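Below: one structure, written as structure tokens.
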Number of protein chains: 2
Amino acid sequence: MNRTLAQLLEKKKSQLHERGIEWRITGVASRRLGWIYDPNGLDLERLSKATSSNVREWLRGAKADVLFESTSLDPSGAQPAIDHIRAALESGAHAITANKGPIVHAYEDLRDLAEKQGRWFLFESTVMDGAPIFSMFREGLPTIQLKGFHGILNSTTNVILSGMEDGLSFEQSLKRAQDIGIAETDASHDIDGWDAAVKTAVLVRVLMGERLQLEQIERIGIRDFSAEKVRAARAAGTPYKLVCRARITECGLTARVHPEQVPLSDPMASVSGTSSIISFETDIFPSLVITENNPGLEATAYGMLTDFVRAVGATGL
Amino acid sequence: MNRTLAQLLEKKKSQLHERGIEWRITGVASRRLGWIYDPNGLDLERLSKATSSNVREWLRGAKADVLFESTSLDPSGAQPAIDHIRAALESGAHAITANKGPIVHAYEDLRDLAEKQGRWFLFESTVMDGAPIFSMFREGLPTIQLKGFHGILNSTTNVILSGMEDGLSFEQSLKRAQDIGIAETDASHDIDGWDAAVKTAVLVRVLMGERLQLEQIERIGIRDFSAEKVRAARAAGTPYKLVCRARITECGLTARVHPEQVPLSDPMASVSGTSSIISFETDIFPSLVITENNPGLEATAYGMLTDFVRAVGATGL
């Protein structure tokens, strides 16, 4: 259950109503709660309704039009998220996920299933929180040819590097990132560049149409970085950033995640802490850049809300 | 007649076909050519078809589904562009314009007319060439509350300032901008900040829903700027930029176009020449920034093409 999303849906109720969109939550599920549903609507404060034992029975019981899937990413695979999404689409519901795993492991299958079912499979929250990356390509940049991109997509490493520039050691900086809720208790997934690589793979598969595998991404993290090295680079005017890059070359697609020393004239140099940036190279725009500075707590849930509006509602100013 | 747009439509023919969109040009009009049409399609290289004497007769003759309006902006008003757009919508055609005048002078009327007619009135090319600003808010940021924005939106003044930083005088830098086709022969519309103010007004009216008039925008241009002043500011690490700002405050909306000295840590400082940037402040994202670097010649026509796809075609990855 995603409480921030439920609160945001409530907060935006009147704006959604203006677009002809009404909603009620008819099912919630989590490891702790199990599968709870009530087709007439659940009161999230007092959950005492029918329970089910599996996703398909639960979707039927809840009479769901839309599934929000927000299990966390399992680096070794993408289950049970893929099963949940598949079950939703097969039951005739739209599927919205904040989990990158299903894209990396089953994007084409899920996209084709959604198309066959006449339903939407959407995932705006998987990269740069809810900043409108996928919708921009889908709706704002039709027929465009994406040749490559580069950017800073992982918050934890960016917060750790910023902390070291501010005088902390690697361990202190990591601990601070954990204290403010940015980094997981086991942050190795971020520190070793896996999260950045997964996001790179998601962007390549969806926006460039190439079936890039994680193993094909050259990946170096920041585990061995000392505060001295990071501060010296900043003092020299070329701070370290963990940069994701992908590009179509004459020899096919190349993709990498590397710490890079970035000149101050590059907008990446100014992107610190939880901010993120991506620069797209296309046939029309040599460089179209999206920067998301200091996203609020609702940013990820907002990405799921925009997917919801796309799936069920009319759009229009 | 917009030759770049016609060429781009041709170049993207197969991608448009994949989306189920076929097109032919059935009418062209310009001061020089008059109103030419052929409902079976015109050969742009050999125009020798029926001519008409006014826009309504011409739209009927051409059996147009879509009008691309690209007359240039007349600072004193927005005719005949408004009449053309109105005629198109009333005849049942979608109306797409690259002219800011109709937005500043008649946005609400034209929007309502389009809605009544069940047609689209679109204008992506009016701000930042074809960078997807309006589509981002329309499709990518539903229910969001825009509190304010700031950015660099006028190329001519930005090219002139960059030129002065490179050692040219104001006059030399203006002449260079004219030689490369950025600045008009009479560049006062740009230099005095009118173009930037018009773009600010367009963004406020469309994205913030406030009927801001041009006269309400505090406007200072760069006419009196010396090369010495510009170079000294850059040397001090706070270069001059002609910055557009609008914000909802406790006392209502305030908007201005002013030369500002921008610190190097601000991404605006790195936006030079024909590049442009805009930072949006919203209830979800404290700062969501779009930067368009060195747009190519097709960027404006591409904005009209994206409007065309929105109006007539299905969208989808």
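Identifiers in the structure tokens: chain A, B, ... in order shown; residue index from 1 per chain; ligand index from 1 in order shown.
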- Query: Residues at most 9 Å from segment 291-304 of chain B, counting only C-alpha atoms, excluding those fewer than 3 positions away in the same chain, as a PyMOL selection string?
  - Reply: (chain A and resi 140-141+279+283-291) or (chain B and resi 2+4-6+8-9+68+96-98+122-126+128-132+271-279+307-309)
- Query: Residues at most 7 Å from Thr143 of chain A, counting only C-alpha atoms, excluding those fewer than 4 positions away in the same chain, as an MDAnalysis selection string?
  - Reply: chainID B and resid 12 15:16
- Message: For Asn40 of chain A, find every residue with an atom within 12 Å (counting only C-alpha atoms), except residues of its own chain fewer than 3 positions away, and show them as a list in words.
- Response: Trp23, Arg24, Ile25, Thr26, Gly27, Tyr37, Asp43, Lys49, Ala50, Gly61, Ala62, Lys63 and Ala64 of chain A
- Query: Taking only C-alpha atoms into account, which of B:Phe121, B:Phe137, B:Trp35, B:Tyr107 comes nearest chain A?
  - Reply: B:Phe137
- Task: Give the answer as one residue: which of B:Pro142, B:Gly92, B:Pro102, B:Gly41 has the shortest atom-to-atom distance to chain A, using only C-alpha atoms?
- Result: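 When distances to chain A are compared using only C-alpha atoms, the smallest one comes from B:Pro142.
Closest approach to Val66 of chain B from the set B:Ile160, B:Ala311, B:Ile21, B:Gly34 is made by B:Ala311, with distances taken over only C-alpha atoms.
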